[in-house]
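Dropping coords27.txt in here (compact mmCIF, C-alpha atoms):
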# COMPACT_ATOMS: atom_id res chain seq x y z
CA MET A 300 -40.15 45.59 -47.43
CA ILE A 301 -37.42 43.62 -49.22
CA GLU A 302 -35.34 40.93 -47.55
CA VAL A 303 -31.57 41.47 -47.83
CA GLU A 304 -29.36 38.44 -47.15
CA ILE A 305 -25.69 37.55 -47.19
CA LYS A 306 -24.12 34.17 -46.51
CA ALA A 307 -20.67 32.64 -45.89
CA ARG A 308 -19.07 29.43 -44.68
CA ALA A 309 -18.35 29.61 -40.93
CA PRO A 310 -17.70 27.26 -38.00
CA ILE A 311 -21.07 27.58 -36.28
CA SER A 312 -20.18 26.38 -32.80
CA ALA A 313 -17.42 29.04 -32.47
CA LEU A 314 -19.86 31.62 -33.87
CA ALA A 315 -22.55 30.58 -31.41
CA ASP A 316 -20.05 31.14 -28.56
CA GLU A 317 -19.12 34.57 -29.96
CA LEU A 318 -22.80 35.60 -30.26
CA SER A 319 -23.48 34.41 -26.73
CA ARG A 320 -20.43 36.36 -25.42
CA ARG A 321 -21.79 39.52 -27.10
CA GLY A 322 -25.23 39.02 -25.57
CA ALA A 323 -27.04 38.34 -28.86
CA GLY A 324 -30.62 37.08 -28.43
CA PHE A 325 -31.10 33.37 -29.15
CA GLU A 326 -34.56 32.66 -30.62
CA LYS A 327 -34.68 28.92 -31.34
CA THR A 328 -33.24 25.99 -33.26
CA VAL A 329 -35.37 24.56 -36.06
CA VAL A 330 -35.01 21.59 -38.38
CA GLN A 331 -36.24 22.33 -41.91
CA SER A 332 -36.75 19.42 -44.27
CA ASP A 333 -37.14 20.85 -47.78
CA THR A 334 -37.86 19.37 -51.18
CA TYR A 335 -37.31 21.43 -54.32
CA TYR A 336 -39.16 20.93 -57.60
CA ASN A 337 -38.51 21.98 -61.19
CA ALA A 338 -41.31 23.09 -63.54
CA PRO A 339 -42.45 21.26 -66.68
CA HIS A 340 -42.61 24.44 -68.80
CA ARG A 341 -39.45 26.32 -67.85
CA ASP A 342 -36.14 25.28 -66.32
CA PHE A 343 -35.76 26.91 -62.91
CA ALA A 344 -31.97 26.43 -63.17
CA VAL A 345 -32.16 28.91 -66.08
CA THR A 346 -34.92 31.26 -64.85
CA ASP A 347 -33.48 31.27 -61.31
CA GLU A 348 -36.86 30.50 -59.74
CA ALA A 349 -37.71 27.86 -57.13
CA VAL A 350 -40.70 25.90 -55.83
CA ARG A 351 -40.18 24.36 -52.42
CA LEU A 352 -42.15 22.21 -50.00
CA ARG A 353 -40.90 22.65 -46.43
CA GLU A 354 -41.69 20.71 -43.29
CA GLN A 355 -40.88 22.40 -39.98
CA ASP A 356 -42.25 21.66 -36.49
CA GLY A 357 -44.78 19.24 -38.02
CA LYS A 358 -46.20 21.88 -40.38
CA ALA A 359 -45.86 22.08 -44.17
CA TYR A 360 -45.34 25.14 -46.36
CA LEU A 361 -45.30 25.75 -50.12
CA THR A 362 -42.93 28.50 -51.25
CA TYR A 363 -42.35 30.22 -54.59
CA LYS A 364 -39.14 32.17 -55.12
CA GLY A 365 -38.76 34.48 -58.10
CA LYS A 366 -35.52 35.33 -59.84
CA LYS A 367 -32.99 37.47 -57.96
CA LEU A 368 -33.64 41.21 -58.27
CA ASP A 369 -30.16 42.38 -57.36
CA ALA A 370 -26.84 41.03 -58.65
CA LYS A 371 -24.93 41.56 -55.40
CA SER A 372 -27.29 40.12 -52.78
CA LYS A 373 -29.83 37.31 -52.80
CA THR A 374 -32.90 39.60 -52.90
CA ARG A 375 -35.92 38.10 -54.70
CA LYS A 376 -39.70 37.79 -54.65
CA GLU A 377 -40.84 35.13 -52.18
CA VAL A 378 -44.39 33.92 -51.46
CA GLU A 379 -45.12 31.28 -48.82
CA VAL A 380 -48.39 29.59 -47.91
CA GLY A 381 -49.12 26.96 -45.25
CA VAL A 382 -50.54 23.67 -46.59
CA SER A 383 -52.51 21.10 -44.60
CA ASP A 384 -50.75 18.02 -46.01
CA ARG A 385 -47.24 17.81 -47.49
CA ALA A 386 -47.81 14.50 -49.34
CA LYS A 387 -51.02 15.75 -51.00
CA MET A 388 -49.36 19.01 -52.05
CA GLU A 389 -46.52 16.98 -53.58
CA ASP A 390 -49.10 14.80 -55.36
CA ILE A 391 -50.64 17.94 -56.91
CA LEU A 392 -47.21 19.24 -58.04
CA LEU A 393 -46.23 15.88 -59.58
CA SER A 394 -49.66 15.52 -61.26
CA LEU A 395 -49.09 18.93 -62.88
CA GLY A 396 -45.77 17.71 -64.29
CA PHE A 397 -43.39 19.24 -61.73
CA ARG A 398 -40.40 17.02 -60.88
CA LYS A 399 -38.47 16.57 -57.64
CA THR A 400 -35.02 18.11 -57.89
CA LEU A 401 -33.42 17.59 -54.50
CA ASP A 402 -33.90 17.37 -50.74
CA VAL A 403 -32.25 19.88 -48.43
CA VAL A 404 -32.16 19.16 -44.68
CA LYS A 405 -31.11 22.13 -42.59
CA THR A 406 -30.60 22.56 -38.83
CA ARG A 407 -30.81 26.30 -38.16
CA GLY A 408 -30.03 28.23 -34.97
CA ILE A 409 -31.67 31.68 -35.09
CA TYR A 410 -30.17 34.68 -33.25
CA HIS A 411 -30.92 38.42 -33.18
CA TYR A 412 -28.16 41.01 -32.83
CA LYS A 413 -28.05 44.74 -33.70
CA GLY A 414 -31.36 44.51 -35.56
CA VAL A 415 -30.12 41.67 -37.77
CA GLU A 416 -31.36 38.07 -37.90
CA ILE A 417 -28.37 35.72 -37.77
CA CYS A 418 -28.85 32.08 -38.79
CA LEU A 419 -26.26 29.41 -37.99
CA ASP A 420 -26.97 26.64 -40.47
CA ARG A 421 -25.79 23.04 -40.73
CA ILE A 422 -26.74 21.56 -44.13
CA GLU A 423 -26.64 17.78 -44.58
CA GLY A 424 -24.02 16.98 -47.19
CA LEU A 425 -22.71 20.59 -47.44
CA GLY A 426 -21.33 21.81 -44.11
CA GLU A 427 -21.75 24.88 -41.89
CA PHE A 428 -22.78 28.41 -42.82
CA VAL A 429 -23.88 31.73 -41.37
CA GLU A 430 -26.66 33.83 -42.94
CA LEU A 431 -27.33 37.48 -42.02
CA GLU A 432 -30.70 38.97 -42.92
CA SER A 433 -32.24 42.41 -42.60
CA MET A 434 -35.09 44.29 -44.29
CA ALA A 435 -34.85 47.21 -46.73
CA ASP A 436 -37.78 49.63 -47.14
CA ASN A 437 -37.15 49.90 -50.89
CA ALA A 438 -34.71 48.89 -53.63
CA ALA A 439 -32.61 52.06 -53.20
CA GLU A 440 -31.84 51.05 -49.62
CA ILE A 441 -30.54 47.58 -50.52
CA PRO A 442 -26.83 48.48 -51.10
CA GLN A 443 -26.54 50.24 -47.72
CA LYS A 444 -28.24 47.37 -45.88
CA ARG A 445 -25.97 44.89 -47.62
CA ASP A 446 -22.86 46.86 -46.65
CA GLU A 447 -24.03 46.90 -43.01
CA LEU A 448 -24.47 43.11 -43.10
CA ILE A 449 -20.98 42.64 -44.57
CA ALA A 450 -19.46 44.90 -41.87
CA LEU A 451 -21.25 42.90 -39.15
CA MET A 452 -20.03 39.63 -40.64
CA HIS A 453 -16.41 40.89 -40.44
CA GLU A 454 -16.99 42.17 -36.90
CA LEU A 455 -18.07 38.67 -35.88
CA GLY A 456 -14.79 37.30 -37.25
CA VAL A 457 -16.24 35.39 -40.22
CA GLU A 458 -13.40 34.92 -42.71
CA GLY A 459 -15.13 33.00 -45.50
CA GLY A 460 -16.00 34.92 -48.68
CA GLN A 461 -19.63 35.75 -49.51
CA ILE A 462 -21.61 32.94 -51.13
CA ARG A 463 -24.37 33.96 -53.52
CA GLU A 464 -25.53 30.46 -54.44
CA SER A 465 -28.48 28.97 -52.56
CA TYR A 466 -28.02 25.73 -50.63
CA LEU A 467 -30.04 24.10 -53.40
CA GLU A 468 -27.64 25.36 -56.09
CA MET A 469 -24.63 24.24 -54.03
CA LEU A 470 -26.11 20.74 -53.53
CA LEU A 471 -27.00 20.51 -57.23
CA ALA A 472 -23.45 21.57 -58.20
CA LYS A 473 -22.05 18.92 -55.85
CA LYS A 474 -24.37 16.25 -57.25
CA PHE A 475 -24.23 17.08 -60.96
CA GLY A 476 -21.48 19.74 -61.39
CA MET B 4 -62.23 4.25 -53.16
CA ILE B 5 -63.43 6.04 -56.31
CA GLU B 6 -66.06 8.77 -56.31
CA VAL B 7 -68.99 8.12 -58.67
CA GLU B 8 -71.17 11.11 -59.57
CA ILE B 9 -74.15 11.89 -61.77
CA LYS B 10 -75.78 15.27 -62.31
CA ALA B 11 -78.93 16.74 -63.89
CA ARG B 12 -80.91 19.96 -63.99
CA ALA B 13 -83.65 19.98 -61.35
CA PRO B 14 -85.86 22.47 -59.48
CA ILE B 15 -84.09 22.34 -56.12
CA SER B 16 -86.80 23.70 -53.85
CA ALA B 17 -89.27 20.99 -55.02
CA LEU B 18 -86.52 18.39 -54.60
CA ALA B 19 -85.71 19.65 -51.09
CA ASP B 20 -89.41 19.16 -50.19
CA GLU B 21 -89.38 15.63 -51.67
CA LEU B 22 -86.22 14.69 -49.72
CA SER B 23 -87.69 16.09 -46.51
CA ARG B 24 -90.95 14.11 -47.08
CA ARG B 25 -88.90 10.90 -47.48
CA GLY B 26 -86.96 11.58 -44.28
CA ALA B 27 -83.58 12.14 -45.96
CA GLY B 28 -80.90 13.53 -43.63
CA PHE B 29 -80.05 17.20 -44.17
CA GLU B 30 -76.39 17.92 -43.43
CA LYS B 31 -75.82 21.63 -44.19
CA THR B 32 -75.84 24.41 -46.74
CA VAL B 33 -72.48 25.73 -47.89
CA VAL B 34 -71.40 28.56 -50.17
CA GLN B 35 -68.36 27.65 -52.30
CA SER B 36 -66.54 30.44 -54.09
CA ASP B 37 -64.22 28.81 -56.64
CA THR B 38 -61.64 30.12 -59.08
CA TYR B 39 -60.32 27.89 -61.84
CA TYR B 40 -56.90 28.23 -63.48
CA ASN B 41 -55.37 26.98 -66.71
CA ALA B 42 -51.77 25.80 -66.95
CA PRO B 43 -48.98 27.44 -68.96
CA HIS B 44 -47.68 24.15 -70.41
CA ARG B 45 -50.84 22.27 -71.35
CA ASP B 46 -54.42 23.35 -72.07
CA PHE B 47 -56.72 21.90 -69.42
CA ALA B 48 -59.66 22.28 -71.84
CA VAL B 49 -57.87 19.65 -73.97
CA THR B 50 -56.35 17.44 -71.23
CA ASP B 51 -59.57 17.59 -69.17
CA GLU B 52 -57.71 18.53 -65.97
CA ALA B 53 -58.49 21.33 -63.52
CA VAL B 54 -56.75 23.41 -60.86
CA ARG B 55 -59.13 25.14 -58.46
CA LEU B 56 -58.86 27.46 -55.48
CA ARG B 57 -61.94 27.18 -53.27
CA GLU B 58 -63.10 29.31 -50.37
CA GLN B 59 -65.69 27.79 -48.06
CA ASP B 60 -66.58 28.76 -44.46
CA GLY B 61 -63.59 31.13 -44.38
CA LYS B 62 -61.11 28.40 -45.32
CA ALA B 63 -59.19 27.99 -48.59
CA TYR B 64 -58.40 24.79 -50.51
CA LEU B 65 -56.27 23.98 -53.56
CA THR B 66 -57.60 21.12 -55.68
CA TYR B 67 -56.18 19.21 -58.64
CA LYS B 68 -58.54 17.16 -60.82
CA GLY B 69 -57.17 14.68 -63.33
CA LYS B 70 -58.82 13.65 -66.57
CA LYS B 71 -62.00 11.55 -66.36
CA LEU B 72 -61.33 7.81 -66.02
CA ASP B 73 -64.71 6.60 -67.21
CA ALA B 74 -66.66 7.77 -70.26
CA LYS B 75 -70.10 7.39 -68.68
CA SER B 76 -69.67 9.04 -65.27
CA LYS B 77 -67.55 11.92 -64.01
CA THR B 78 -65.01 9.71 -62.18
CA ARG B 79 -61.49 11.20 -61.98
CA LYS B 80 -58.43 11.58 -59.78
CA GLU B 81 -58.89 14.39 -57.27
CA VAL B 82 -56.38 15.73 -54.71
CA GLU B 83 -57.27 18.52 -52.30
CA VAL B 84 -55.10 20.34 -49.75
CA GLY B 85 -55.99 23.12 -47.31
CA VAL B 86 -54.01 26.35 -47.77
CA SER B 87 -53.51 29.07 -45.17
CA ASP B 88 -54.06 32.03 -47.51
CA ARG B 89 -56.07 32.08 -50.75
CA ALA B 90 -54.47 35.30 -52.11
CA LYS B 91 -50.92 34.01 -51.55
CA MET B 92 -51.73 30.66 -53.16
CA GLU B 93 -53.11 32.55 -56.17
CA ASP B 94 -49.95 34.69 -56.26
CA ILE B 95 -47.86 31.48 -56.46
CA LEU B 96 -50.02 30.06 -59.28
CA LEU B 97 -49.88 33.31 -61.30
CA SER B 98 -46.10 33.64 -60.70
CA LEU B 99 -45.70 30.13 -62.16
CA GLY B 100 -47.59 31.20 -65.29
CA PHE B 101 -51.03 29.78 -64.49
CA ARG B 102 -53.92 31.98 -65.65
CA LYS B 103 -57.37 32.58 -64.15
CA THR B 104 -60.07 30.96 -66.26
CA LEU B 105 -63.35 31.62 -64.46
CA ASP B 106 -65.11 32.06 -61.13
CA VAL B 107 -67.84 29.64 -60.05
CA VAL B 108 -70.05 30.56 -57.09
CA LYS B 109 -72.16 27.68 -55.81
CA THR B 110 -74.76 27.46 -53.02
CA ARG B 111 -75.03 23.77 -52.13
CA GLY B 112 -77.50 21.99 -49.86
CA ILE B 113 -76.14 18.58 -48.79
CA TYR B 114 -78.45 15.65 -47.97
CA HIS B 115 -77.91 11.94 -47.26
CA TYR B 116 -80.39 9.30 -48.41
CA LYS B 117 -80.01 5.54 -48.95
CA GLY B 118 -76.22 5.75 -48.59
CA VAL B 119 -75.96 8.43 -51.27
CA GLU B 120 -74.85 12.05 -50.89
CA ILE B 121 -77.34 14.31 -52.64
CA CYS B 122 -76.33 17.91 -53.42
CA LEU B 123 -78.87 20.54 -54.41
CA ASP B 124 -76.84 23.21 -56.21
CA ARG B 125 -77.61 26.75 -57.31
CA ILE B 126 -74.86 28.05 -59.60
CA GLU B 127 -74.62 31.80 -60.26
CA GLY B 128 -75.26 32.39 -63.96
CA LEU B 129 -76.26 28.75 -64.70
CA GLY B 130 -79.30 27.68 -62.70
CA GLU B 131 -80.28 24.76 -60.46
CA PHE B 132 -78.93 21.18 -60.42
CA VAL B 133 -78.89 17.98 -58.40
CA GLU B 134 -75.75 15.87 -57.97
CA LEU B 135 -75.76 12.32 -56.60
CA GLU B 136 -72.51 10.85 -55.29
CA SER B 137 -71.44 7.49 -53.95
CA MET B 138 -68.16 5.60 -53.57
CA ALA B 139 -67.00 2.53 -55.54
CA ASP B 140 -64.38 0.18 -54.05
CA ASN B 141 -62.74 -0.31 -57.43
CA ALA B 142 -63.14 0.47 -61.13
CA ALA B 143 -65.14 -2.73 -61.80
CA GLU B 144 -67.81 -1.55 -59.38
CA ILE B 145 -68.35 1.83 -61.09
CA PRO B 146 -71.06 0.79 -63.64
CA GLN B 147 -73.24 -0.79 -60.93
CA LYS B 148 -72.87 2.24 -58.63
CA ARG B 149 -73.72 4.54 -61.52
CA ASP B 150 -76.86 2.54 -62.36
CA GLU B 151 -77.97 2.74 -58.72
CA LEU B 152 -77.54 6.53 -58.78
CA ILE B 153 -79.55 6.81 -62.01
CA ALA B 154 -82.35 4.67 -60.52
CA LEU B 155 -82.43 6.86 -57.41
CA MET B 156 -82.55 10.00 -59.52
CA HIS B 157 -85.64 8.66 -61.34
CA GLU B 158 -87.20 7.58 -58.04
CA LEU B 159 -86.87 11.18 -56.81
CA GLY B 160 -88.75 12.38 -59.90
CA VAL B 161 -85.85 14.17 -61.60
CA GLU B 162 -86.74 14.42 -65.29
CA GLY B 163 -83.71 16.23 -66.72
CA GLY B 164 -81.19 14.18 -68.70
CA GLN B 165 -77.76 13.41 -67.24
CA ILE B 166 -75.16 16.16 -67.60
CA ARG B 167 -71.55 15.07 -67.90
CA GLU B 168 -70.03 18.56 -68.19
CA SER B 169 -68.67 20.23 -65.06
CA TYR B 170 -70.12 23.57 -63.94
CA LEU B 171 -66.85 25.08 -65.12
CA GLU B 172 -67.29 23.61 -68.63
CA MET B 173 -70.91 24.78 -68.74
CA LEU B 174 -69.95 28.33 -67.70
CA LEU B 175 -67.08 28.38 -70.21
CA ALA B 176 -69.45 27.17 -72.98
CA LYS B 177 -71.92 29.91 -72.02
CA LYS B 178 -69.19 32.57 -72.00
CA PHE B 179 -67.17 31.52 -75.05
CA GLY B 180 -69.23 28.79 -76.80
If you convert what's in this file into structure tokens, what do you get?
Amino acid sequence: MIEVEIKARAPISALADELSRRGAGFEKTVVQSDTYYNAPHRDFAVTDEAVRLREQDGKAYLTYKGKKLDAKSKTRKEVEVGVSDRAKMEDILLSLGFRKTLDVVKTRGIYHYKGVEICLDRIEGLGEFVELESMADNAAEIPQKRDELIALMHELGVEGGQIRESYLEMLLAKKFG
Amino acid sequence: MIEVEIKARAPISALADELSRRGAGFEKTVVQSDTYYNAPHRDFAVTDEAVRLREQDGKAYLTYKGKKLDAKSKTRKEVEVGVSDRAKMEDILLSLGFRKTLDVVKTRGIYHYKGVEICLDRIEGLGEFVELESMADNAAEIPQKRDELIALMHELGVEGGQIRESYLEMLLAKKFG
């Protein structure tokens, strides 16, 4: 299974109303406090990888993201593991020579509609976005799944163009670009 | 607090009898299945660091060990964090370019005697050892603590000379040396 995602700027409170009107399922709202790290031996800005420590609901997670597999969507390898202590995991990363890049604080409302996970995101310092996610069985299925997501985004009245950059890349561009 | 450790070869079943005769407290026996990794950007055999994934009692732990701080004992920085999935943590390490070095499988009996933790270790492929551990409040206290451990080791009748190498280093020397 491969995750297929698309993303655009959108006014999330209007979108929440629209989803509610259509009877979409509301799952929950979560606050994700993320810190991204760069590696000592290769520049993730060049290799398009990421290492992230996330805190959510009092639990911590370490995530590795590989480079994007598909030029049109945001598909990539992703491995996540729960860790017992965020500060100790950060100590290990820094001891190994990894460096903090940036913090990303996200408030995410999660909905389900027509088999798609819809996330309404507010990112501190960036603004409001909608992300649509579904799963492809294999690489050949990715283009079709992506087209379905784009059609659903239009159906919901989202007018912003597709954004391929991650929130991290957008925050880095704002800070250093 | 700084961990102070000394280690020597010793016949562990005779030593277990001796500890029992003296009324030492027996805590438990654990089996630790460890895998060590080397880094892509510096050679841990040179920098004297270690990254280890440990499985014990069905739980997994990631550990970073810094270089030794003291020439006479095995004192070093050590940070350990529990991880929810050993295979996924290994996937993250390998994706980042870390490489497996060696497996170390240890059966350890843990005793407490005169304020010291005494470990009777059987290491697959290496043999039998005793490790004595206590805690120093600061670096200045390390020599005294070490001398106390050496005295206790003699008192228990251990005749083998002190070993400063880790089990990992000894296994590597046996395999490649």
Find the residues of chain A that sit at most 12 Å from chain B; for each, write down the nearest two atoms and how far apart they are in Å, to one decimal. Count only C-alpha atoms. Sort by chain, then by number going up, and give it as JSON lines.
{"residue": "A:Asn337", "atom": "CA", "partner": "B:Leu99", "partner_atom": "CA", "distance": 10.9}
{"residue": "A:Ala338", "atom": "CA", "partner": "B:Leu99", "partner_atom": "CA", "distance": 8.4}
{"residue": "A:Pro339", "atom": "CA", "partner": "B:His44", "partner_atom": "CA", "distance": 7.0}
{"residue": "A:His340", "atom": "CA", "partner": "B:His44", "partner_atom": "CA", "distance": 5.3}
{"residue": "A:Arg341", "atom": "CA", "partner": "B:His44", "partner_atom": "CA", "distance": 8.9}
{"residue": "A:Asp342", "atom": "CA", "partner": "B:Leu99", "partner_atom": "CA", "distance": 11.5}
{"residue": "A:Phe343", "atom": "CA", "partner": "B:Leu99", "partner_atom": "CA", "distance": 10.5}
{"residue": "A:Thr346", "atom": "CA", "partner": "B:Leu99", "partner_atom": "CA", "distance": 11.2}
{"residue": "A:Glu348", "atom": "CA", "partner": "B:Leu99", "partner_atom": "CA", "distance": 9.2}
{"residue": "A:Ala349", "atom": "CA", "partner": "B:Leu99", "partner_atom": "CA", "distance": 9.7}
{"residue": "A:Val350", "atom": "CA", "partner": "B:Ile95", "partner_atom": "CA", "distance": 9.1}
{"residue": "A:Arg351", "atom": "CA", "partner": "B:Ile95", "partner_atom": "CA", "distance": 11.2}
{"residue": "A:Lys358", "atom": "CA", "partner": "B:Ser87", "partner_atom": "CA", "distance": 11.3}
{"residue": "A:Ala359", "atom": "CA", "partner": "B:Val86", "partner_atom": "CA", "distance": 9.9}
{"residue": "A:Tyr360", "atom": "CA", "partner": "B:Val86", "partner_atom": "CA", "distance": 8.9}
{"residue": "A:Leu361", "atom": "CA", "partner": "B:Met92", "partner_atom": "CA", "distance": 8.6}
{"residue": "A:Thr362", "atom": "CA", "partner": "B:Ile95", "partner_atom": "CA", "distance": 7.8}
{"residue": "A:Tyr363", "atom": "CA", "partner": "B:Ile95", "partner_atom": "CA", "distance": 6.0}
{"residue": "A:Lys364", "atom": "CA", "partner": "B:Ile95", "partner_atom": "CA", "distance": 8.8}
{"residue": "A:Gly365", "atom": "CA", "partner": "B:Ser98", "partner_atom": "CA", "distance": 7.8}
{"residue": "A:Lys366", "atom": "CA", "partner": "B:Ser98", "partner_atom": "CA", "distance": 10.7}
{"residue": "A:Lys376", "atom": "CA", "partner": "B:Ser98", "partner_atom": "CA", "distance": 9.7}
{"residue": "A:Glu377", "atom": "CA", "partner": "B:Ile95", "partner_atom": "CA", "distance": 9.0}
{"residue": "A:Val378", "atom": "CA", "partner": "B:Lys91", "partner_atom": "CA", "distance": 6.5}
{"residue": "A:Glu379", "atom": "CA", "partner": "B:Lys91", "partner_atom": "CA", "distance": 7.0}
{"residue": "A:Val380", "atom": "CA", "partner": "B:Ser87", "partner_atom": "CA", "distance": 5.8}
{"residue": "A:Gly381", "atom": "CA", "partner": "B:Ser87", "partner_atom": "CA", "distance": 4.9}
{"residue": "A:Val382", "atom": "CA", "partner": "B:Val86", "partner_atom": "CA", "distance": 4.5}
{"residue": "A:Ser383", "atom": "CA", "partner": "B:Gly85", "partner_atom": "CA", "distance": 4.9}
{"residue": "A:Asp384", "atom": "CA", "partner": "B:Val84", "partner_atom": "CA", "distance": 6.2}
{"residue": "A:Arg385", "atom": "CA", "partner": "B:Val84", "partner_atom": "CA", "distance": 8.6}
{"residue": "A:Ala386", "atom": "CA", "partner": "B:Val84", "partner_atom": "CA", "distance": 9.3}
{"residue": "A:Lys387", "atom": "CA", "partner": "B:Val84", "partner_atom": "CA", "distance": 6.3}
{"residue": "A:Met388", "atom": "CA", "partner": "B:Val84", "partner_atom": "CA", "distance": 6.3}
{"residue": "A:Glu389", "atom": "CA", "partner": "B:Val84", "partner_atom": "CA", "distance": 10.0}
{"residue": "A:Asp390", "atom": "CA", "partner": "B:Val82", "partner_atom": "CA", "distance": 7.4}
{"residue": "A:Ile391", "atom": "CA", "partner": "B:Tyr67", "partner_atom": "CA", "distance": 5.9}
{"residue": "A:Leu392", "atom": "CA", "partner": "B:Tyr67", "partner_atom": "CA", "distance": 9.0}
{"residue": "A:Leu393", "atom": "CA", "partner": "B:Tyr67", "partner_atom": "CA", "distance": 10.5}
{"residue": "A:Ser394", "atom": "CA", "partner": "B:Gly69", "partner_atom": "CA", "distance": 7.8}
{"residue": "A:Leu395", "atom": "CA", "partner": "B:Tyr67", "partner_atom": "CA", "distance": 8.3}
{"residue": "A:Gly396", "atom": "CA", "partner": "B:His44", "partner_atom": "CA", "distance": 9.1}
{"residue": "A:Phe397", "atom": "CA", "partner": "B:His44", "partner_atom": "CA", "distance": 10.9}
### Task
Rank B:Val33, B:Ala143, B:Leu72, B:Leu135 by their smallest atom-to-atom distance to Cys122 of chain B, using only C-alpha atoms, and report the top residue only.
B:Leu135
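Closest approach to Lys103 of chain B among B:Ala139, B:Glu144, B:Leu152, B:Tyr39: B:Tyr39, based on all atoms listed in the file.
The two atoms in question, atom CA of Glu454 of chain A and atom CA of Met434 of chain A, are spaced 19.7 Å apart.
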### Message
With only C-alpha atoms as the counted atoms, please give the residues lying no more than 12 Å from Leu470 of chain A, apart from itself and same-chain residues fewer than 5 positions off, as an MDAnalysis selection string.
### Response
chainID A and resid 335 400:404 422:426 464:465 475:476
## Note on the structure
atom CA of Thr374 of chain A to atom CA of Lys473 of chain A measures 23.5 Å
